[in-house]
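Enquirer: My structure file run_13.pdb, PDB, C-alpha atoms, is below:
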```pdb
MODEL        1
ATOM      1  CA  MET O  37       0.000   0.000   0.000
ATOM      2  CA  ASP O  38       1.304   3.456  -0.914
ATOM      3  CA  ASP O  39       1.262   5.742   2.148
ATOM      4  CA  ASP O  40       2.175   8.791   0.041
ATOM      5  CA  ALA O  41      -0.894   8.617  -2.234
ATOM      6  CA  SER O  42      -2.849  11.813  -2.651
ATOM      7  CA  SER O  43      -6.382  12.508  -3.734
ATOM      8  CA  ARG O  44      -8.084  15.476  -5.306
ATOM      9  CA  VAL O  45     -11.271  16.715  -3.641
ATOM     10  CA  THR O  46     -13.725  18.910  -5.538
ATOM     11  CA  ARG O  47     -16.917  20.435  -4.184
ATOM     12  CA  SER O  48     -19.932  21.202  -6.334
ATOM     13  CA  GLY O  49     -23.016  22.356  -4.447
ATOM     14  CA  ALA O  50     -23.940  19.654  -1.936
ATOM     15  CA  HIS O  51     -21.544  17.077  -3.390
ATOM     16  CA  LEU O  52     -17.903  16.237  -2.735
ATOM     17  CA  TYR O  53     -16.004  14.353  -5.428
ATOM     18  CA  VAL O  54     -12.877  12.523  -4.279
ATOM     19  CA  GLN O  55     -10.629  11.463  -7.146
ATOM     20  CA  VAL O  56      -8.367   8.515  -6.329
ATOM     21  CA  ALA O  57      -6.286   6.139  -8.437
ATOM     22  CA  ARG O  58      -9.210   3.723  -8.914
ATOM     23  CA  GLY O  59     -11.807   6.354  -9.882
ATOM     24  CA  THR O  60     -14.020   9.027  -8.386
ATOM     25  CA  VAL O  61     -16.161   8.692  -5.291
ATOM     26  CA  ASP O  62     -19.177  11.006  -4.822
ATOM     27  CA  PHE O  63     -20.321  12.069  -1.340
ATOM     28  CA  GLU O  64     -23.518  14.041  -0.750
ATOM     29  CA  LEU O  65     -23.365  16.610   2.055
ATOM     30  CA  VAL O  66     -26.465  16.480   4.244
ATOM     31  CA  PRO O  67     -27.461  18.782   7.116
ATOM     32  CA  ARG O  68     -26.604  17.358  10.514
ATOM     33  CA  PHE O  69     -29.865  18.421  12.147
ATOM     34  CA  VAL O  70     -33.037  18.733  10.092
ATOM     35  CA  ALA O  71     -36.474  19.385  11.550
ATOM     36  CA  PRO O  72     -38.702  16.505  10.395
ATOM     37  CA  GLY O  73     -41.159  17.451   7.666
ATOM     38  CA  VAL O  74     -39.684  20.904   7.085
ATOM     39  CA  GLU O  75     -38.834  21.710   3.501
ATOM     40  CA  LEU O  76     -37.633  25.253   3.079
ATOM     41  CA  ALA O  77     -38.607  27.034  -0.118
ATOM     42  CA  VAL O  78     -35.696  28.303  -2.195
ATOM     43  CA  GLY O  79     -34.871  31.764  -0.883
ATOM     44  CA  GLY O  80     -37.111  31.128   2.116
ATOM     45  CA  LEU O  81     -36.534  32.282   5.655
ATOM     46  CA  SER O  82     -37.925  30.171   8.463
ATOM     47  CA  ALA O  83     -38.720  30.611  12.133
ATOM     48  CA  PRO O  84     -35.696  29.621  14.245
ATOM     49  CA  MET O  85     -37.983  28.439  17.075
ATOM     50  CA  PRO O  86     -41.671  28.390  18.045
ATOM     51  CA  GLY O  87     -43.023  31.857  18.777
ATOM     52  CA  VAL O  88     -45.396  34.676  17.898
ATOM     53  CA  ILE O  89     -44.907  37.074  15.008
ATOM     54  CA  ILE O  90     -44.848  40.613  16.417
ATOM     55  CA  GLU O  91     -44.247  42.558  13.233
ATOM     56  CA  VAL O  92     -43.810  41.953   9.498
ATOM     57  CA  ARG O  93     -41.819  44.848   8.044
ATOM     58  CA  VAL O  94     -41.942  43.928   4.342
ATOM     59  CA  VAL O  95     -44.503  43.392   1.587
ATOM     60  CA  VAL O  96     -44.455  41.352  -1.616
ATOM     61  CA  GLY O  97     -42.444  43.114  -4.316
ATOM     62  CA  GLN O  98     -40.320  45.107  -1.884
ATOM     63  CA  HIS O  99     -36.576  45.353  -2.550
ATOM     64  CA  VAL O 100     -34.505  44.487   0.534
ATOM     65  CA  VAL O 101     -30.805  44.762   1.313
ATOM     66  CA  ALA O 102     -28.612  42.333   3.238
ATOM     67  CA  GLY O 103     -29.126  42.718   6.980
ATOM     68  CA  GLU O 104     -32.467  44.520   6.690
ATOM     69  CA  THR O 105     -35.017  43.503   9.332
ATOM     70  CA  LEU O 106     -37.869  41.577   7.714
ATOM     71  CA  VAL O 107     -39.782  40.002  10.604
ATOM     72  CA  VAL O 108     -39.727  40.443  14.373
ATOM     73  CA  MET O 109     -40.929  37.538  16.487
ATOM     74  CA  GLU O 110     -41.220  36.819  20.188
ATOM     75  CA  ALA O 111     -39.985  33.524  21.512
ATOM     76  CA  MET O 112     -38.978  32.575  25.035
ATOM     77  CA  LYS O 113     -39.935  36.077  26.242
ATOM     78  CA  MET O 114     -37.368  37.659  23.911
ATOM     79  CA  GLU O 115     -37.636  39.481  20.597
ATOM     80  CA  HIS O 116     -35.861  37.833  17.669
ATOM     81  CA  VAL O 117     -35.134  39.676  14.451
ATOM     82  CA  ILE O 118     -35.210  37.806  11.139
ATOM     83  CA  SER O 119     -32.954  39.691   8.703
ATOM     84  CA  ALA O 120     -32.362  39.431   4.964
ATOM     85  CA  PRO O 121     -29.325  37.229   4.285
ATOM     86  CA  SER O 122     -28.719  39.051   0.985
ATOM     87  CA  ALA O 123     -30.237  41.666  -1.285
ATOM     88  CA  GLY O 124     -33.321  40.630  -3.206
ATOM     89  CA  ILE O 125     -37.026  41.070  -3.811
ATOM     90  CA  VAL O 126     -39.665  39.718  -1.413
ATOM     91  CA  SER O 127     -41.691  37.252  -3.493
ATOM     92  CA  GLU O 128     -44.013  35.784  -0.843
ATOM     93  CA  VAL O 129     -45.000  36.558   2.746
ATOM     94  CA  PHE O 130     -46.624  33.680   4.629
ATOM     95  CA  VAL O 131     -47.163  35.203   8.089
ATOM     96  CA  THR O 132     -48.970  38.099   9.736
ATOM     97  CA  ALA O 133     -48.626  39.924  13.048
ATOM     98  CA  ALA O 134     -49.946  38.004  16.086
ATOM     99  CA  GLN O 135     -49.630  34.658  14.271
ATOM    100  CA  GLN O 136     -48.242  31.700  16.258
ATOM    101  CA  VAL O 137     -45.546  29.797  14.329
ATOM    102  CA  ASP O 138     -43.689  26.547  14.889
ATOM    103  CA  ASN O 139     -39.971  25.942  14.548
ATOM    104  CA  GLY O 140     -39.117  25.789  10.855
ATOM    105  CA  THR O 141     -42.266  27.556   9.614
ATOM    106  CA  VAL O 142     -41.468  29.362   6.363
ATOM    107  CA  LEU O 143     -42.020  33.075   7.017
ATOM    108  CA  LEU O 144     -41.282  34.564   3.600
ATOM    109  CA  THR O 145     -39.247  34.065   0.450
ATOM    110  CA  ILE O 146     -36.773  36.377  -1.215
ATOM    111  CA  ASP O 147     -35.759  36.091  -4.863
ATOM    112  CA  ASP O 148     -32.311  37.139  -5.995
ATOM    113  CA  GLU O 149     -32.728  40.618  -7.420
ATOM    114  CA  TYR O 150     -30.435  39.744 -10.339
ATOM    115  CA  ALA O 151     -32.010  36.377 -11.232
ATOM    116  CA  ASP O 152     -34.167  37.715 -14.094
ATOM    117  CA  ARG O 153     -31.497  39.943 -15.654
ATOM    118  CA  SER O 154     -29.571  38.717 -18.675
TER     119      SER O 154
ENDMDL
END
```
Can you dump the structure from the file as structure tokens?

Expert:
Amino acid sequence: MDDDASSRVTRSGAHLYVQVARGTVDFELVPRFVAPGVELAVGGLSAPMPGVIIEVRVVVGQHVVAGETLVVMEAMKMEHVISAPSAGIVSEVFVTAAQQVDNGTVLLTIDDEYADRS
């Protein structure tokens, strides 16, 4: 056995490709902890824990910037701010003020503001 053998590792999305002398091995990266039954919409932001929506600060069609506050919720007697991870356009809002939500509930979706430009 050759102890000095090396391998090339390439990442593409959620896959790792390890190239060795005998071929390529594909590994799929999976989240370590996933809430059962929760499928997040692309561009979606979800509730980090069960709580009550206090305020929704955006509407469908609104342009947002990274870090902008989108939703404020109360959980465990504390206010939690849900912020935009990147710039984009709010495409859907699924919650309203005073609504009770569970952990993983999709709150809204944001589309990349440059997705439709060519």

Enquirer: May I ask for the distance between CA of Val96 (chain O) and CA of Thr132 (chain O), given in Å to one decimal place?

Expert: 12.6 Å

Enquirer: Quick check on the file I pasted: which residues fall under the PyMOL selection byres ((chain O and resi 80-87) around 8)? Write them as a PyMOL selection string.

Expert: chain O and resi 76-79+88-89+109-112+118+136-146

Enquirer: Residues near Val108 (chain O), anyone? I mean within 6 Å using all atoms listed in the file, not counting same-chain ones fewer than 2 positions away, as a ChimeraX atom specification.

Expert: /O:90-91,116-117

Enquirer: Dump C-alpha atoms for the selected residues as a PDB file, keeping the file's coordinate frame?

Expert:
```pdb
ATOM      1  CA  ILE O  90     -44.848  40.613  16.417  1.00  0.00           C
ATOM      2  CA  GLU O  91     -44.247  42.558  13.233  1.00  0.00           C
ATOM      3  CA  HIS O 116     -35.861  37.833  17.669  1.00  0.00           C
ATOM      4  CA  VAL O 117     -35.134  39.676  14.451  1.00  0.00           C
TER       5      VAL O 117
END
```

Enquirer: Hey, could you pull the box centre and edge lengths for region 99-107 of chain O, axis-aligned, 6 Å padding per side, all listed atoms, to one decimal in Å, as AutoDock Vina command-line options?

Expert:
```
--center_x -34.2 --center_y 42.7 --center_z 4.0 --size_x 23.2 --size_y 17.4 --size_z 25.2
```

Enquirer: Leaving out Ala50 (chain O) and any residue of its chain fewer than 5 positions from it, which residues lie within 8 Å of it when counting all atoms listed in the file, given as a PyMOL selection string?

Expert: chain O and resi 64-66

Enquirer: Selection in question (the file shown): the PyMOL selection byres ((chain O and resi 93) around 7). Which residues does it include, as a PDB file with C-alpha atoms, keeping the file's coordinate frame?

Expert:
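Generated file (expr_32.pdb):
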```
ATOM      1  CA  GLU O  91     -44.247  42.558  13.233  1.00  0.00           C
ATOM      2  CA  VAL O  92     -43.810  41.953   9.498  1.00  0.00           C
ATOM      3  CA  VAL O  94     -41.942  43.928   4.342  1.00  0.00           C
ATOM      4  CA  LEU O 106     -37.869  41.577   7.714  1.00  0.00           C
ATOM      5  CA  VAL O 107     -39.782  40.002  10.604  1.00  0.00           C
TER       6      VAL O 107
END
```

Enquirer: Need the shell around Val56 (chain O): protein/DNA/RNA residues with any atom at most 8 Å away, counting all atoms listed in the file. Skip same-chain ones fewer than 4 positions apart. Format as a list in words?

Expert: Ser42, Ser43, Arg44, Thr60 and Val61 of chain O

Enquirer: Using Å and a single decimal, report how far CA of Glu115 (chain O) sits from CA of Ala133 (chain O).

Expert: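 Computing it gives 13.3 Å between the two atoms.
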
Enquirer: Neighbours of Glu104 (chain O) within 9 Å (all atoms listed in the file; same-chain residues fewer than 3 positions away dropped), as a PDB file with C-alpha atoms, in the frame of the given file?

Expert:
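Produced file selection00.pdb, reproduced below:
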```pdb
ATOM      1  CA  VAL O 100     -34.505  44.487   0.534  1.00  0.00           C
ATOM      2  CA  VAL O 101     -30.805  44.762   1.313  1.00  0.00           C
ATOM      3  CA  ILE O 118     -35.210  37.806  11.139  1.00  0.00           C
ATOM      4  CA  SER O 119     -32.954  39.691   8.703  1.00  0.00           C
ATOM      5  CA  ALA O 120     -32.362  39.431   4.964  1.00  0.00           C
ATOM      6  CA  PRO O 121     -29.325  37.229   4.285  1.00  0.00           C
ATOM      7  CA  SER O 122     -28.719  39.051   0.985  1.00  0.00           C
ATOM      8  CA  ALA O 123     -30.237  41.666  -1.285  1.00  0.00           C
TER       9      ALA O 123
END
```

Enquirer: Could you jot down the CA of Ala102 (chain O) to CA of Val129 (chain O) separation for me, Å, one decimal place?

Expert: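 Atom-to-atom, CA of Ala102 (chain O) and CA of Val129 (chain O) are spaced 17.4 Å apart.
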